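Novice: This one is final30.cif, mmCIF, C-alpha atoms.
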data_target
loop_
_atom_site.label_atom_id
_atom_site.label_comp_id
_atom_site.auth_asym_id
_atom_site.auth_seq_id
_atom_site.Cartn_x
_atom_site.Cartn_y
_atom_site.Cartn_z
CA MET A 13 22.25 -33.69 8.65
CA ARG A 14 24.26 -30.93 10.33
CA TYR A 15 21.74 -28.28 9.15
CA ALA A 16 18.85 -30.36 10.49
CA LEU A 17 20.50 -30.49 13.92
CA ILE A 18 21.04 -26.71 13.89
CA LEU A 19 17.37 -26.18 13.08
CA LEU A 20 16.31 -28.48 15.91
CA LEU A 21 18.51 -26.58 18.36
CA LEU A 22 16.96 -23.29 17.24
CA LEU A 23 13.49 -24.71 17.76
CA ALA A 24 14.41 -25.99 21.21
CA GLY A 25 15.85 -22.63 22.17
CA CYS A 26 12.56 -20.92 21.37
CA ALA A 27 10.51 -22.91 23.88
CA HIS A 28 7.21 -21.61 25.22
CA THR A 29 7.31 -20.43 28.83
CA GLY A 30 4.04 -20.33 30.75
CA SER A 31 2.86 -17.61 33.14
CA THR A 32 3.57 -17.53 36.85
CA GLN A 33 1.42 -15.83 39.47
CA ARG A 34 2.27 -15.11 43.09
CA ALA A 35 -0.14 -16.70 45.55
CA GLY A 36 -2.42 -14.26 47.30
CA GLY A 37 -5.98 -13.14 47.80
CA ASN A 38 -7.14 -10.79 45.00
CA PRO A 39 -5.58 -11.75 41.60
CA ALA A 40 -5.94 -8.16 40.42
CA ALA A 41 -3.69 -7.01 43.25
CA ASP A 42 -1.14 -9.79 42.92
CA GLU A 43 2.05 -9.46 40.96
CA VAL A 44 1.78 -11.39 37.73
CA THR A 45 4.86 -12.24 35.77
CA GLN A 46 4.35 -13.61 32.31
CA SER A 47 7.06 -14.57 29.90
CA VAL A 48 5.83 -16.06 26.63
CA THR A 49 8.06 -16.67 23.67
CA THR A 50 6.58 -17.87 20.42
CA PHE A 51 8.55 -19.07 17.46
CA ASP A 52 7.77 -18.59 13.80
CA PRO A 53 10.15 -20.63 11.58
CA LYS A 54 9.91 -17.99 8.85
CA GLN A 55 11.74 -15.52 11.09
CA ILE A 56 14.98 -17.50 10.67
CA GLY A 57 15.29 -16.17 7.14
CA LYS A 58 14.51 -12.54 7.93
CA GLY A 59 16.80 -9.68 8.85
CA ASP A 60 15.74 -6.44 10.53
CA ILE A 61 15.34 -4.63 7.19
CA ASP A 62 13.12 -7.47 5.91
CA ARG A 63 10.78 -7.08 8.87
CA VAL A 64 10.70 -3.32 8.30
CA ALA A 65 9.87 -3.89 4.62
CA ASP A 66 7.05 -6.27 5.62
CA ILE A 67 5.52 -3.59 7.86
CA HIS A 68 5.82 -0.85 5.25
CA ARG A 69 4.26 -3.01 2.56
CA ARG A 70 1.30 -3.86 4.79
CA GLU A 71 0.79 -0.19 5.60
CA VAL A 72 1.00 0.83 1.95
CA PHE A 73 -1.62 -1.64 0.76
CA ALA A 74 -3.86 -0.89 3.74
CA GLY A 75 -3.70 2.72 2.55
CA VAL A 76 -4.66 1.66 -0.98
CA ARG A 77 -7.76 -0.03 0.43
CA ARG A 78 -8.70 3.06 2.44
CA LEU A 79 -8.36 5.24 -0.66
CA ALA A 80 -10.47 2.85 -2.69
CA GLU A 81 -13.27 2.90 -0.12
CA LYS A 82 -13.15 6.68 0.26
CA LEU A 83 -13.26 7.22 -3.50
CA TYR A 84 -16.20 4.85 -3.89
CA ARG A 85 -18.13 6.58 -1.11
CA ARG A 86 -17.49 10.00 -2.65
CA ASN A 87 -18.34 8.70 -6.14
CA PRO A 88 -21.10 6.09 -5.76
CA ARG A 89 -21.92 6.19 -9.47
CA GLU A 90 -18.61 4.44 -10.13
CA TRP A 91 -19.20 1.25 -8.16
CA LYS A 92 -22.70 1.09 -9.59
CA LYS A 93 -21.24 0.94 -13.10
CA GLY A 94 -19.93 -2.54 -12.29
CA GLY A 95 -23.37 -3.75 -11.22
CA HIS A 96 -22.28 -4.27 -7.61
CA ALA A 97 -24.86 -4.38 -4.85
CA SER A 98 -22.81 -2.25 -2.45
CA VAL A 99 -19.49 -0.52 -1.87
CA GLU A 100 -18.33 -3.57 0.07
CA LYS A 101 -19.05 -5.90 -2.84
CA ALA A 102 -17.22 -3.58 -5.23
CA LEU A 103 -14.20 -3.48 -2.89
CA ASP A 104 -14.18 -7.27 -2.52
CA ARG A 105 -14.00 -7.61 -6.28
CA LEU A 106 -11.46 -4.85 -6.82
CA LEU A 107 -9.09 -6.00 -4.06
CA ASP A 108 -9.39 -9.73 -4.66
CA PRO A 109 -5.74 -10.91 -4.76
CA ARG A 110 -6.62 -13.45 -7.45
CA THR A 111 -7.17 -10.67 -9.98
CA GLY A 112 -3.56 -9.51 -9.73
CA TRP A 113 -4.73 -5.90 -10.27
CA ARG A 114 -5.86 -6.83 -13.78
CA LEU A 115 -9.31 -5.51 -14.67
CA ALA A 116 -11.25 -6.11 -17.85
CA ALA A 117 -12.45 -2.49 -17.66
CA ALA A 118 -8.84 -1.32 -18.08
CA GLY A 119 -8.62 -2.87 -21.54
CA GLY A 120 -5.24 -4.43 -20.86
CA LYS A 121 -3.69 -1.26 -19.44
CA ARG A 122 -1.80 -1.56 -16.18
CA SER A 123 0.16 0.48 -13.65
CA THR A 124 0.44 4.18 -14.52
CA ASP A 125 -1.20 3.61 -17.92
CA ALA A 126 -4.32 2.46 -16.08
CA ILE A 127 -4.20 5.53 -13.84
CA LEU A 128 -4.12 7.75 -16.91
CA LEU A 129 -6.99 5.82 -18.49
CA SER A 130 -9.16 6.24 -15.40
CA LEU A 131 -8.83 10.03 -15.70
CA ASP A 132 -9.39 10.23 -19.44
CA GLN A 133 -12.46 12.28 -20.38
CA THR A 134 -13.65 9.64 -22.84
CA PHE A 135 -13.42 6.68 -20.44
CA GLU A 136 -16.85 5.33 -19.50
CA GLY A 137 -15.97 2.50 -17.12
CA ASP A 138 -15.52 2.40 -13.36
CA ARG A 139 -12.93 5.14 -12.87
CA VAL A 140 -12.28 4.31 -9.22
CA ALA A 141 -11.59 0.63 -9.95
CA VAL A 142 -9.17 1.36 -12.78
CA PHE A 143 -7.43 4.16 -10.84
CA ILE A 144 -6.90 1.95 -7.78
CA ALA A 145 -5.93 -1.09 -9.87
CA GLY A 146 -3.30 1.02 -11.62
CA MET A 147 -1.95 2.21 -8.26
CA GLY A 148 -1.95 -1.29 -6.83
CA ASP A 149 -0.19 -2.77 -9.84
CA MET A 150 2.51 -0.08 -9.77
CA LEU A 151 3.10 -0.55 -6.03
CA ASN A 152 3.14 -4.31 -6.41
CA ALA A 153 5.91 -3.95 -8.99
CA ALA A 154 7.83 -1.63 -6.65
CA PHE A 155 7.77 -4.40 -4.03
CA ASP A 156 8.90 -6.97 -6.63
CA GLU A 157 5.44 -8.59 -6.53
CA LYS A 158 6.20 -10.11 -3.13
CA THR A 159 4.16 -10.02 0.05
CA GLU A 160 7.00 -10.92 2.44
CA PHE A 161 10.74 -10.35 2.39
CA TYR A 162 13.72 -12.46 3.41
CA LEU A 163 17.51 -12.20 3.58
CA LEU A 164 18.04 -13.07 -0.08
CA ASP A 165 15.49 -10.51 -1.31
CA ASP A 166 16.86 -7.24 -2.63
CA LEU A 167 14.27 -4.49 -2.93
CA ASP A 168 15.30 -1.62 -5.21
CA PRO A 169 15.05 1.73 -3.38
CA GLN A 170 14.79 3.52 -6.74
CA LYS A 171 11.55 1.70 -7.54
CA LEU A 172 10.07 2.73 -4.21
CA TYR A 173 11.22 6.32 -4.67
CA ASN A 174 9.77 6.46 -8.20
CA SER A 175 6.49 5.04 -6.91
CA ALA A 176 6.29 7.78 -4.30
CA ARG A 177 6.76 10.47 -6.98
CA ASN A 178 4.17 8.76 -9.16
CA LEU A 179 1.68 8.87 -6.30
CA GLU A 180 2.27 12.60 -6.01
CA ILE A 181 1.47 12.96 -9.71
CA ALA A 182 -1.56 10.65 -9.45
CA ALA A 183 -2.93 12.63 -6.49
CA TRP A 184 -2.56 15.89 -8.42
CA LYS A 185 -4.26 14.46 -11.49
CA LEU A 186 -7.07 13.01 -9.38
CA ALA A 187 -7.74 16.41 -7.82
CA ASN A 188 -7.69 18.27 -11.14
CA ALA A 189 -8.97 16.01 -13.93
CA ARG A 190 -12.19 17.43 -15.41
CA ASP A 191 -14.63 16.63 -18.17
CA ALA A 192 -15.45 18.85 -21.13
CA SER A 193 -17.93 20.85 -19.06
CA GLY A 194 -15.37 21.54 -16.33
CA ALA A 195 -16.77 19.12 -13.75
CA LEU A 196 -14.34 16.94 -11.81
CA LEU A 197 -14.16 13.38 -13.13
CA LEU A 198 -13.78 12.03 -9.59
CA LEU A 199 -14.56 13.81 -6.33
CA SER A 200 -11.84 13.64 -3.70
CA ASN A 201 -10.63 16.57 -1.56
CA GLU A 202 -13.16 19.29 -0.91
CA LEU A 203 -12.46 22.92 -0.07
CA ALA A 204 -14.15 24.56 2.88
CA THR A 205 -17.41 26.41 2.30
CA GLU A 206 -19.62 28.56 4.49
CA THR A 207 -21.60 25.50 5.55
CA GLN A 208 -18.95 22.77 5.85
CA PRO A 209 -15.26 22.39 6.67
CA ALA A 210 -12.61 21.30 4.18
CA ASN A 211 -12.26 17.57 3.44
CA LEU A 212 -8.53 16.90 2.99
CA SER A 213 -8.64 13.25 4.01
CA PHE A 214 -7.60 12.09 0.55
CA GLU A 215 -4.54 14.31 0.67
CA ARG A 216 -3.65 12.83 4.06
CA GLU A 217 -4.00 9.27 2.80
CA PHE A 218 -1.76 9.96 -0.17
CA GLY A 219 0.69 11.64 2.20
CA LYS A 220 0.89 8.51 4.36
CA LEU A 221 1.55 6.31 1.32
CA ILE A 222 4.23 8.63 0.00
CA GLY A 223 5.88 8.93 3.43
CA ASN A 224 6.01 5.14 3.82
CA LEU A 225 7.62 4.66 0.42
CA ASP A 226 10.13 7.47 0.90
CA LEU A 227 11.19 6.23 4.32
CA LEU A 228 11.63 2.64 3.17
CA SER A 229 13.55 3.70 0.05
CA SER A 230 15.91 5.79 2.20
CA LEU A 231 16.47 2.93 4.66
CA LEU A 232 17.24 0.50 1.85
CA ALA A 233 19.54 2.95 0.10
CA ASP A 234 21.48 3.60 3.33
CA LYS A 235 21.77 -0.10 4.12
CA GLY A 236 22.99 -0.98 0.63
CA HIS A 237 25.12 2.16 0.17
CA ARG A 238 23.12 3.06 -2.92
CA THR A 239 22.33 6.40 -4.48
CA ILE A 240 18.77 7.32 -5.45
CA ALA A 241 18.36 9.40 -8.60
CA ARG A 242 16.01 12.11 -7.40
CA ALA A 243 13.60 13.93 -9.69
CA ALA A 244 12.33 17.50 -9.40
CA GLN A 245 9.28 18.12 -11.57
CA SER A 246 6.24 20.34 -11.70
CA LEU A 247 3.22 18.17 -10.89
CA ALA A 248 1.15 19.85 -13.59
CA THR A 249 3.54 18.74 -16.33
CA ALA A 250 5.30 15.77 -14.74
CA LEU A 251 5.48 12.39 -16.43
CA PHE A 252 5.18 9.15 -14.47
CA LEU A 253 8.55 7.61 -13.61
CA PRO A 254 9.36 4.00 -14.53
CA VAL A 255 8.92 1.32 -11.88
CA ALA A 256 8.61 -2.09 -13.56
CA GLY A 257 11.71 -3.17 -15.42
CA LEU A 258 14.19 -1.09 -13.41
#
Using structure tokens, write down the structure that the file contains.
Specialist:
Amino acid sequence: MRYALILLLLLAGCAHTGSTQRAGGNPAADEVTQSVTTFDPKQIGKGDIDRVADIHRREVFAGVRRLAEKLYRRNPREWKKGGHASVEKALDRLLDPRTGWRLAAAGGKRSTDAILLSLDQTFEGDRVAVFIAGMGDMLNAAFDEKTEFYLLDDLDPQKLYNSARNLEIAAWKLANARDASGALLLLSNELATETQPANLSFEREFGKLIGNLDLLSSLLADKGHRTIARAAQSLATALFLPVAGL
């Protein structure tokens, strides 16, 4: 009963205040003072770091979507492999939350294993879909498979840090994986030529993702007085770091 009363008091304290306007001729010239407070009950259970984690997660998965679209537009043969009518249809299927980043084309492989499969010379399926699904699954595990965070949640900064390093490796592999004839398996960044400027938009997108993960992992580590085990590897020979199960 006591907790119910506390909740009611909190709700009453977050009342909505309307706008007030000073009387006068032209409304555009009048002073307008508006004070509006809205209340979302979910905010009771969130601390500052939880709200920061919410924002970073949204930004990370928005970046995953942008990468997926850019890869499909640079590699239209890939979305056509799935029999989709357009890039938009392929994206709707790939990013449907009900799939949980599990694709039949990946043959049961997930996370970084799916990323590796997508860049295997012998793989004949939709490389973009499997690459992005692997990324999404890994990042989902780094965020403990949650879409929002509350006071009792405890994100592991090591998982986020490892995911950032894995994205660096994935970006390098994407830019360098070739078939037996030496052709790139997937087109992404493009060097400048005499007729067109360089296209480094993929590199920038990966950079945003990595920056988001690194910043959030540092904030969480500082808040929880934790130490992150940092890895220094050559991208050409680096192995993916563990994320799930940490």
Novice: Just want the 10 Å neighbourhood of stretch 176-182 of chain A, counted on only C-alpha atoms, with same-chain residues fewer than 2 positions away dropped. Output as a ChimeraX atom specification.
Specialist: /A:124,127-128,131,143,147,150-151,154,170-174,184-188,215,218-219,221-226,229,242-255
Novice: Which protein, DNA or RNA residues have an atom at most 10 Å from (-8.4, -6.6, -9.0), counting only C-alpha atoms? List them as a VMD selection string.
Specialist: chain A and resid 103 to 116 141 to 142 144 to 146 148 to 149
Novice: With all atoms listed in the file as the atoms that count, which of A:Lys220, A:Arg85, A:Lys93, A:His68 lies nearest to A:Leu232?
Specialist: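 Once distances to A:Leu232 are computed over all atoms listed in the file, the minimum belongs to A:His68.
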Novice: At what distance in Å, to one decimal, does atom CA of A:Ile67 lie from atom CA of A:Glu157?
Specialist: 15.2 Å
Novice: Just checking: using only C-alpha atoms, which residue out of A:Ala153, A:Ala102, A:Leu164, A:Leu197 ends up closest to A:Thr134?
Specialist: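 Distance minimum relative to A:Thr134 lands on A:Leu197.
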Novice: A:Glu136, A:Glu81, A:Asp168, A:Glu90: which is nearest A:Ser230, counting all atoms listed in the file?
Specialist: A:Asp168
Novice: Just say which residues the PyMOL selection byres ((chain A and resi 196) around 12) picks in this file, as a PDB file with C-alpha atoms, keeping the file's coordinate frame.
Specialist:
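Contents of the output file out32.pdb:
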ATOM      1  CA  ARG A  86     -17.490  10.000  -2.650  1.00  0.00           C
ATOM      2  CA  ASN A  87     -18.340   8.700  -6.140  1.00  0.00           C
ATOM      3  CA  LEU A 131      -8.830  10.030 -15.700  1.00  0.00           C
ATOM      4  CA  ASP A 132      -9.390  10.230 -19.440  1.00  0.00           C
ATOM      5  CA  GLN A 133     -12.460  12.280 -20.380  1.00  0.00           C
ATOM      6  CA  ARG A 139     -12.930   5.140 -12.870  1.00  0.00           C
ATOM      7  CA  LYS A 185      -4.260  14.460 -11.490  1.00  0.00           C
ATOM      8  CA  LEU A 186      -7.070  13.010  -9.380  1.00  0.00           C
ATOM      9  CA  ALA A 187      -7.740  16.410  -7.820  1.00  0.00           C
ATOM     10  CA  ASN A 188      -7.690  18.270 -11.140  1.00  0.00           C
ATOM     11  CA  ALA A 189      -8.970  16.010 -13.930  1.00  0.00           C
ATOM     12  CA  ARG A 190     -12.190  17.430 -15.410  1.00  0.00           C
ATOM     13  CA  ASP A 191     -14.630  16.630 -18.170  1.00  0.00           C
ATOM     14  CA  ALA A 192     -15.450  18.850 -21.130  1.00  0.00           C
ATOM     15  CA  SER A 193     -17.930  20.850 -19.060  1.00  0.00           C
ATOM     16  CA  GLY A 194     -15.370  21.540 -16.330  1.00  0.00           C
ATOM     17  CA  ALA A 195     -16.770  19.120 -13.750  1.00  0.00           C
ATOM     18  CA  LEU A 197     -14.160  13.380 -13.130  1.00  0.00           C
ATOM     19  CA  LEU A 198     -13.780  12.030  -9.590  1.00  0.00           C
ATOM     20  CA  LEU A 199     -14.560  13.810  -6.330  1.00  0.00           C
ATOM     21  CA  SER A 200     -11.840  13.640  -3.700  1.00  0.00           C
ATOM     22  CA  ASN A 201     -10.630  16.570  -1.560  1.00  0.00           C
ATOM     23  CA  GLU A 202     -13.160  19.290  -0.910  1.00  0.00           C
TER      24      GLU A 202
END
Novice: For each of A:Val140, A:Leu227, A:Ile56, A:Ala210, take the minimum atom-to-atom distance to A:Lys82, counting all atoms listed in the file, then give the residue where this is smallest.
Specialist: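 Going through A:Val140, A:Leu227, A:Ile56, A:Ala210 one by one, the smallest distance to A:Lys82 is for A:Val140.
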Novice: For A:Gly236, which of A:Ala65, A:Leu258, A:Leu167, A:Leu212 is the closest residue, counting all atoms listed in the file?
Specialist: A:Leu167
Novice: What does the distance between atom CA of A:Glu100 and atom CA of A:Asp138 come to in Å, to one decimal place?
Specialist: 15.0 Å
Novice: In Å, rounded to a single decimal, give me how far atom CA of A:Ala241 is from atom CA of A:Ala256.
Specialist: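 Pair atom CA of A:Ala256 / atom CA of A:Ala241 returns 15.9 Å.
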Novice: Here is a test: counting only C-alpha atoms, which residue of A:Pro209, A:Gly94, A:Gly257, A:Pro169 is nearest to A:Leu231?
Specialist: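 When distances to A:Leu231 are compared using only C-alpha atoms, the smallest one comes from A:Pro169.
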